[in-house]
>>> print(open('upload_14.txt').read())   # compact mmCIF, C-alpha atoms
# COMPACT_ATOMS: atom_id res chain seq x y z
CA MET D 15 19.52 -4.61 -22.29
CA THR D 16 19.95 -1.04 -21.04
CA GLU D 17 18.12 0.32 -24.09
CA LEU D 18 14.82 -1.04 -22.86
CA ARG D 19 12.88 0.57 -20.04
CA PHE D 20 10.66 -1.48 -17.75
CA ALA D 21 8.41 -0.29 -14.93
CA TRP D 22 7.17 -2.42 -12.03
CA ILE D 23 3.65 -1.87 -10.70
CA GLY D 24 2.67 -3.85 -7.62
CA SER D 25 1.60 -3.88 -3.99
CA HIS D 26 0.85 -7.54 -3.14
CA VAL D 27 3.49 -9.85 -1.65
CA GLU D 28 2.94 -12.13 -4.65
CA GLY D 29 5.13 -9.91 -6.81
CA LEU D 30 8.19 -9.66 -4.58
CA PRO D 31 10.00 -12.88 -5.64
CA ALA D 32 9.60 -11.98 -9.30
CA LEU D 33 10.92 -8.44 -8.87
CA VAL D 34 13.96 -9.64 -6.93
CA ALA D 35 14.67 -12.33 -9.53
CA LEU D 36 14.40 -9.92 -12.46
CA MET D 37 16.64 -7.36 -10.82
CA THR D 38 19.17 -10.06 -10.01
CA GLU D 39 19.18 -10.99 -13.70
CA GLY D 40 19.83 -7.38 -14.65
CA ALA D 41 16.40 -6.53 -16.05
CA PRO D 42 16.19 -2.82 -16.99
CA ILE D 43 13.49 -1.92 -14.46
CA ARG D 44 13.67 1.86 -14.04
CA GLY D 45 11.38 2.21 -11.05
CA VAL D 46 8.56 0.81 -8.95
CA VAL D 47 5.12 2.29 -8.56
CA THR D 48 3.03 1.15 -5.61
CA LEU D 49 0.23 2.14 -3.28
CA ALA D 50 0.66 4.72 -0.56
CA SER D 51 0.95 3.30 2.96
CA ASP D 52 -2.61 4.22 3.97
CA GLN D 53 -3.94 2.39 0.90
CA ARG D 54 -1.77 -0.67 1.54
CA ALA D 55 -3.14 -0.91 5.07
CA ARG D 56 -6.61 -1.57 3.64
CA ARG D 57 -5.56 -4.48 1.44
CA SER D 58 -4.75 -8.03 2.39
CA ALA D 59 -1.16 -9.21 1.80
CA ALA D 60 0.03 -5.77 0.69
CA ILE D 61 3.71 -5.08 1.37
CA ASP D 62 6.11 -2.16 1.56
CA TYR D 63 8.39 -2.19 -1.50
CA ARG D 64 10.80 0.31 0.04
CA PRO D 65 13.36 -2.25 1.33
CA VAL D 66 13.74 -4.00 -2.04
CA CYS D 67 13.89 -0.65 -3.85
CA GLU D 68 16.68 0.49 -1.53
CA ARG D 69 18.51 -2.81 -2.09
CA PHE D 70 18.49 -2.37 -5.88
CA HIS D 71 18.59 1.46 -5.92
CA LEU D 72 15.22 1.70 -7.63
CA PRO D 73 13.14 4.88 -7.57
CA LEU D 74 9.88 4.30 -5.68
CA HIS D 75 6.65 6.15 -6.46
CA GLU D 76 3.70 5.87 -4.05
CA PHE D 77 0.16 7.08 -4.71
CA ALA D 78 -3.49 6.24 -4.06
CA ASP D 79 -4.65 5.52 -7.61
CA ILE D 80 -2.66 4.48 -10.67
CA ASN D 81 -5.33 6.12 -12.83
CA GLY D 82 -5.19 9.40 -10.92
CA ASP D 83 -2.96 12.37 -11.67
CA ASP D 84 -0.14 11.18 -9.39
CA GLY D 85 -0.15 7.67 -10.79
CA LEU D 86 -0.13 8.85 -14.39
CA ALA D 87 2.64 11.32 -13.64
CA ALA D 88 4.79 8.55 -12.11
CA LEU D 89 4.34 6.37 -15.20
CA ARG D 90 5.17 9.26 -17.53
CA ALA D 91 8.34 9.93 -15.58
CA LEU D 92 9.44 6.30 -15.94
CA ALA D 93 8.57 6.30 -19.67
CA PRO D 94 8.46 2.49 -19.85
CA ASP D 95 8.53 0.36 -22.94
CA ILE D 96 6.82 -2.36 -20.91
CA GLY D 97 5.11 -2.26 -17.54
CA PHE D 98 4.88 -5.32 -15.29
CA VAL D 99 1.63 -5.20 -13.33
CA ILE D 100 2.13 -7.96 -10.76
CA GLY D 101 0.10 -8.23 -7.56
CA TRP D 102 -1.94 -5.12 -8.23
CA SER D 103 -5.51 -4.57 -7.02
CA GLN D 104 -6.66 -1.67 -9.21
CA ILE D 105 -7.90 -1.91 -12.78
CA VAL D 106 -5.39 -0.15 -15.05
CA ARG D 107 -7.45 2.16 -17.27
CA PRO D 108 -6.59 2.97 -20.92
CA PRO D 109 -4.82 6.30 -20.19
CA ALA D 110 -2.37 4.45 -17.93
CA LEU D 111 -2.07 1.45 -20.25
CA ARG D 112 -1.05 3.70 -23.13
CA LEU D 113 1.91 5.07 -21.17
CA ALA D 114 3.84 1.82 -21.75
CA ARG D 115 4.93 1.92 -25.40
CA SER D 116 4.78 -1.83 -26.02
CA GLY D 117 2.08 -2.56 -23.45
CA MET D 118 1.70 -3.83 -19.92
CA ILE D 119 2.05 -7.42 -18.75
CA GLY D 120 0.04 -8.80 -15.86
CA ALA D 121 -0.32 -12.08 -13.98
CA HIS D 122 -3.65 -13.60 -12.96
CA ALA D 123 -3.86 -16.56 -10.59
CA SER D 124 -5.95 -18.86 -12.76
CA LEU D 125 -5.73 -20.63 -16.08
CA LEU D 126 -7.33 -17.90 -18.18
CA PRO D 127 -9.91 -17.59 -19.58
CA HIS D 128 -11.24 -19.50 -16.57
CA ASP D 129 -11.82 -17.56 -13.36
CA ARG D 130 -11.43 -14.04 -14.64
CA GLY D 131 -12.17 -11.46 -11.98
CA SER D 132 -11.42 -11.02 -8.30
CA ALA D 133 -9.79 -13.32 -5.73
CA PRO D 134 -9.33 -16.39 -7.98
CA VAL D 135 -7.25 -18.32 -5.43
CA ASN D 136 -9.76 -17.72 -2.64
CA TRP D 137 -12.66 -18.75 -4.86
CA ALA D 138 -10.83 -21.88 -6.04
CA LEU D 139 -10.32 -22.99 -2.45
CA ILE D 140 -13.88 -22.14 -1.44
CA ARG D 141 -15.13 -24.34 -4.29
CA GLY D 142 -12.83 -27.17 -3.27
CA ALA D 143 -10.95 -27.11 -6.60
CA ARG D 144 -8.01 -29.47 -6.97
CA GLU D 145 -6.19 -27.31 -9.49
CA THR D 146 -5.80 -23.67 -10.34
CA GLY D 147 -3.04 -21.96 -12.27
CA ASN D 148 -1.29 -18.75 -13.16
CA SER D 149 -1.41 -16.83 -16.42
CA LEU D 150 0.97 -14.22 -17.79
CA PHE D 151 -0.82 -11.98 -20.29
CA TRP D 152 -0.92 -8.59 -21.97
CA LEU D 153 -3.32 -6.21 -20.24
CA SER D 154 -6.23 -4.92 -22.30
CA GLU D 155 -9.20 -2.67 -21.69
CA ASP D 156 -11.33 -5.70 -20.81
CA LEU D 157 -10.61 -7.26 -17.43
CA ASP D 158 -8.26 -10.30 -17.59
CA ALA D 159 -9.05 -10.71 -21.28
CA GLY D 160 -5.76 -9.78 -22.97
CA ASP D 161 -3.57 -12.03 -25.10
CA LEU D 162 -1.78 -14.84 -23.26
CA ILE D 163 1.99 -15.13 -22.94
CA ASP D 164 2.53 -18.14 -20.67
CA GLN D 165 0.59 -20.33 -18.22
CA THR D 166 1.43 -22.65 -15.34
CA PRO D 167 -0.99 -25.17 -13.78
CA ILE D 168 -0.92 -25.28 -9.97
CA PRO D 169 -2.29 -28.26 -7.99
CA ILE D 170 -4.30 -27.69 -4.82
CA THR D 171 -4.08 -30.31 -2.08
CA PRO D 172 -6.46 -30.72 0.90
CA TYR D 173 -3.68 -29.33 3.09
CA ASP D 174 -3.34 -26.03 1.25
CA THR D 175 -4.50 -22.59 2.35
CA CYS D 176 -4.70 -19.34 0.44
CA ASP D 177 -1.19 -18.57 1.69
CA THR D 178 0.45 -21.78 0.45
CA VAL D 179 -1.26 -21.56 -2.93
CA TYR D 180 -0.21 -17.94 -3.34
CA GLN D 181 3.37 -18.93 -2.57
CA ARG D 182 3.26 -21.28 -5.55
CA VAL D 183 1.58 -18.58 -7.63
CA ALA D 184 4.39 -16.18 -6.74
CA ALA D 185 7.03 -18.74 -7.67
CA SER D 186 5.35 -19.43 -11.01
CA THR D 187 5.13 -15.69 -11.77
CA ARG D 188 8.86 -15.42 -11.11
CA ASP D 189 9.66 -18.40 -13.32
CA MET D 190 7.44 -17.26 -16.20
CA LEU D 191 8.92 -13.76 -16.14
CA LEU D 192 12.45 -15.15 -16.10
CA ARG D 193 11.58 -17.23 -19.17
CA LEU D 194 10.08 -14.19 -20.84
CA LEU D 195 12.86 -11.71 -20.07
CA PRO D 196 15.37 -12.78 -22.77
CA ARG D 197 12.59 -12.84 -25.35
CA LEU D 198 11.57 -9.28 -24.51
CA VAL D 199 15.18 -8.15 -24.64
CA ALA D 200 15.51 -9.78 -28.07
CA GLY D 201 12.56 -7.73 -29.29
CA GLU D 202 9.96 -10.49 -29.19
CA ARG D 203 6.44 -9.79 -27.97
CA PRO D 204 4.90 -13.30 -27.68
CA ARG D 205 1.12 -13.46 -27.51
CA ARG D 206 -1.84 -15.70 -28.37
CA ARG D 207 -5.52 -14.97 -28.06
CA GLN D 208 -7.50 -16.31 -25.14
CA PRO D 209 -10.16 -18.88 -26.05
CA PRO D 210 -13.72 -17.54 -25.86
CA THR D 211 -15.66 -18.14 -22.65
CA ASP D 212 -19.13 -17.50 -21.29
CA GLU D 213 -17.99 -17.75 -17.66
CA PRO D 214 -19.05 -14.78 -15.52
CA LEU D 215 -16.41 -12.70 -13.75
CA LEU D 216 -15.61 -13.78 -10.21
CA PRO D 217 -17.13 -11.26 -7.78
CA ARG D 218 -15.07 -9.24 -5.34
CA ARG D 219 -14.73 -10.54 -1.81
CA ARG D 220 -14.89 -8.23 1.19
CA PRO D 221 -14.18 -8.96 4.88
CA ALA D 222 -17.92 -9.07 5.61
CA ASP D 223 -18.21 -12.01 3.18
CA GLY D 224 -16.26 -14.18 5.62
CA ARG D 225 -19.26 -15.11 7.81
CA ILE D 226 -19.37 -18.88 8.34
CA ASP D 227 -22.57 -20.71 7.44
CA TRP D 228 -22.48 -23.68 9.81
CA ALA D 229 -25.40 -25.28 7.94
CA ARG D 230 -22.94 -26.07 5.15
CA SER D 231 -21.21 -29.45 5.19
CA SER D 232 -18.05 -29.80 7.25
CA CYS D 233 -16.01 -30.08 4.04
CA GLU D 234 -17.48 -26.83 2.71
CA VAL D 235 -16.78 -24.99 5.96
CA TYR D 236 -13.25 -26.42 6.03
CA ASN D 237 -12.62 -25.11 2.50
CA PHE D 238 -14.12 -21.74 3.41
CA VAL D 239 -11.84 -21.30 6.43
CA ARG D 240 -8.63 -22.25 4.62
CA ALA D 241 -9.56 -19.98 1.70
CA LEU D 242 -9.79 -16.92 3.94
CA THR D 243 -7.10 -17.49 6.55
CA ARG D 244 -3.97 -15.32 6.91
CA PRO D 245 -2.93 -13.10 5.20
CA TYR D 246 -6.62 -12.48 4.44
CA PRO D 247 -9.13 -11.19 7.01
CA GLY D 248 -10.37 -14.66 7.98
CA ALA D 249 -13.68 -16.51 8.29
CA PHE D 250 -15.69 -15.55 11.37
CA SER D 251 -18.65 -16.37 13.56
CA TRP D 252 -20.21 -15.24 16.83
CA LEU D 253 -20.28 -16.89 20.25
CA ASP D 254 -21.65 -15.38 23.46
CA GLY D 255 -21.85 -11.97 21.81
CA ARG D 256 -18.19 -12.01 20.70
CA ARG D 257 -17.03 -12.13 17.11
CA TRP D 258 -14.36 -14.77 16.59
CA ILE D 259 -12.08 -15.16 13.57
CA VAL D 260 -11.56 -18.85 12.81
CA TRP D 261 -8.00 -19.12 11.51
CA HIS D 262 -7.55 -22.88 11.38
CA VAL D 263 -9.75 -25.98 11.61
CA ALA D 264 -9.33 -29.73 11.10
CA LEU D 265 -11.72 -31.79 9.00
CA LEU D 266 -13.07 -34.95 10.60
CA PRO D 267 -13.31 -37.98 8.30
CA ARG D 268 -17.06 -38.57 8.38
CA ASP D 269 -19.62 -36.23 6.81
CA ASP D 270 -22.64 -37.79 8.51
CA PRO D 271 -25.24 -35.57 10.14
CA THR D 272 -24.81 -34.99 13.86
CA ARG D 273 -27.76 -34.77 16.21
CA ALA D 274 -26.77 -31.28 17.26
CA PRO D 275 -27.90 -28.18 15.31
CA PRO D 276 -25.23 -26.65 13.01
CA GLY D 277 -22.82 -24.43 14.91
CA THR D 278 -23.21 -26.33 18.21
CA ILE D 279 -19.97 -26.92 20.09
CA LEU D 280 -19.78 -30.66 20.73
CA GLY D 281 -16.98 -30.50 23.27
CA SER D 282 -13.25 -30.31 23.83
CA VAL D 283 -10.73 -32.21 21.70
CA ILE D 284 -7.81 -33.16 23.93
CA SER D 285 -4.36 -34.41 22.99
CA PRO D 286 -0.82 -34.46 24.45
CA VAL D 287 0.09 -32.67 21.21
CA ASP D 288 -0.84 -29.05 21.87
CA ALA D 289 -1.52 -28.20 18.22
CA ALA D 290 -4.09 -31.03 18.01
CA CYS D 291 -6.24 -29.64 20.84
CA GLY D 292 -9.39 -27.64 20.14
CA GLN D 293 -13.17 -27.69 20.11
CA ALA D 294 -15.42 -29.85 17.93
CA VAL D 295 -18.30 -28.05 16.20
CA ALA D 296 -21.29 -29.51 14.39
CA CYS D 297 -21.90 -28.61 10.77
CA GLY D 298 -24.78 -29.66 8.59
CA PRO D 299 -23.70 -32.41 8.03
CA GLY D 300 -20.43 -33.43 9.65
CA ALA D 301 -18.19 -31.73 12.19
CA LEU D 302 -14.93 -29.81 12.44
CA VAL D 303 -12.31 -29.20 15.09
CA LEU D 304 -11.51 -25.55 15.78
CA LEU D 305 -7.74 -25.21 16.16
CA GLU D 306 -7.16 -21.45 16.35
CA LEU D 307 -9.52 -18.56 17.09
CA GLU D 308 -9.00 -14.84 17.56
CA ALA D 309 -11.47 -12.47 19.17
CA GLU D 310 -12.01 -8.86 18.08
CA ASP D 311 -10.16 -7.67 21.17
CA GLY D 312 -7.08 -9.64 20.11
CA GLU D 313 -7.45 -12.64 22.43
CA VAL D 314 -6.06 -15.72 20.70
CA LEU D 315 -7.12 -19.25 21.65
CA ARG D 316 -5.27 -22.27 20.31
CA GLY D 317 -4.07 -25.61 21.58
CA ARG D 318 -4.68 -26.44 25.22
CA ARG D 319 -6.05 -22.96 25.97
CA LEU D 320 -8.75 -23.53 23.39
CA SER D 321 -9.62 -27.07 24.50
CA GLU D 322 -10.00 -25.89 28.11
CA GLN D 323 -12.88 -23.55 27.24
CA VAL D 324 -16.17 -24.67 28.81
CA TRP D 325 -18.19 -24.29 25.64
CA ALA D 326 -19.88 -27.68 25.13
CA GLY D 327 -23.52 -27.20 24.14
CA LYS D 328 -23.09 -23.55 23.18
CA ARG D 329 -23.78 -22.58 19.61
CA PHE D 330 -22.04 -20.31 17.14
CA GLY D 331 -24.43 -17.86 15.49
CA ALA D 332 -24.54 -15.56 12.48
CA ASP D 333 -24.51 -12.45 14.66
CA GLY D 334 -24.20 -11.51 18.31
CA SER D 335 -26.86 -14.02 19.30
CA ASN D 336 -26.44 -17.77 19.68
CA GLY D 337 -28.13 -19.88 17.04
>>> encode(input="upload_14.txt", output="structure tokens")
Amino acid sequence: MTELRFAWIGSHVEGLPALVALMTEGAPIRGVVTLASDQRARRSAAIDYRPVCERFHLPLHEFADINGDDGLAALRALAPDIGFVIGWSQIVRPPALRLARSGMIGAHASLLPHDRGSAPVNWALIRGARETGNSLFWLSEDLDAGDLIDQTPIPITPYDTCDTVYQRVAASTRDMLLRLLPRLVAGERPRRRQPPTDEPLLPRRRPADGRIDWARSSCEVYNFVRALTRPYPGAFSWLDGRRWIVWHVALLPRDDPTRAPPGTILGSVISPVDAACGQAVACGPGALVLLELEAEDGEVLRGRRLSEQVWAGKRFGADGSNG
């Protein structure tokens, strides 16, 4: 096993369970390359790999761009046979790809060739999908188009958020890599071509894309909120000139139109159970219960504090105005 040289490339929390599992199994990972701290701060769910590198005595290389001079120099120094690109937000360009003698292996949170592109878990939840998946594959010059190694289907329940789905994605990445490890050590390089597809690439999502459209049905708004909640920037709307992040909502069982315009606060939802308290809001059609909000200044409203707000009749808007 010591004759092989692996490199780990990652910055997202998704990759941590897999790295720990591989190191525990004695995988010959010679170092970790990750984003510099200022770059990590700009990305959702990015983590500091320093503690795990210290635990396993792994060299750690930090830089801003894997395709830049520093990133290429770090890869050359590790001289990997295979690179594992797990939880990584930058496209790995050909000059970097060629620095791994047998190639680089990535994971993409969908059943490729479906949902190539950015933020597949978030998009799956936004669409209300009941299943997604995870694919282990060889990186190629075309985005998410390389030969497949392994795949795992992942169910999505109505109770899931982006966080809970990504936890299952992370576990499946770990399990697939553990299955693959002995085959790589034995000299195998399993691969099969992806089926052809005409599906367009999923577009990138930015924090500004989290604005809630209250004219959507309550089910659509519910899916939108749970797709963007922590550790992502969150869905948001405006009330009384303040921008509020909507972290959690509850979906009411009927999707009938209300008489109030979309975004109108219908009144307080009160319960002896603090977590069940909130504010009901009209959608178009249907209604939701707001369960946790956070203002730009850091004020957090949840439970009884949220239900005690005198907001009935006010209306969430797309910007600083109401309506």
>>> atom_distance(input="upload_14.txt", atom1="CA of Val324 (chain D)", atom2="CA of Ala222 (chain D)")
28.0 Å
>>> atom_distance(input="upload_14.txt", atom1="CA of Met37 (chain D)", atom2="CA of Arg205 (chain D)")
23.6 Å
>>> residues_around(input="upload_14.txt", residues="region 183-186 of chain D", least_positions_apart="5", cutoff="8 Å", atoms="all atoms listed in the file", output="PyMOL selection string")
chain D and resi 28-32+123+147-148+166+168
>>> residues_around(input="upload_14.txt", residues="region 217-219 of chain D", least_positions_apart="4", cutoff="8 Å", atoms="only C-alpha atoms", output="short mmCIF file (atom, residue, chain, number, x, y, z; two decimals) with C-alpha atoms, in the frame of the given file")
data_model
loop_
_atom_site.label_atom_id
_atom_site.label_comp_id
_atom_site.auth_asym_id
_atom_site.auth_seq_id
_atom_site.Cartn_x
_atom_site.Cartn_y
_atom_site.Cartn_z
CA GLY D 131 -12.17 -11.46 -11.98
CA SER D 132 -11.42 -11.02 -8.30
CA ALA D 133 -9.79 -13.32 -5.73
CA ASP D 223 -18.21 -12.01 3.18
#
>>> closest_residue(input="upload_14.txt", among="D:Glu310, D:Glu155, D:Glu145, D:Asp164", to="Asp189 (chain D)", atoms="all atoms listed in the file")
D:Asp164
>>> residues_around(input="upload_14.txt", residues="Gly82 (chain D)", least_positions_apart="6", cutoff="10 Å", atoms="only C-alpha atoms", output="list in words")
Arg107, Pro109 and Ala110 of chain D
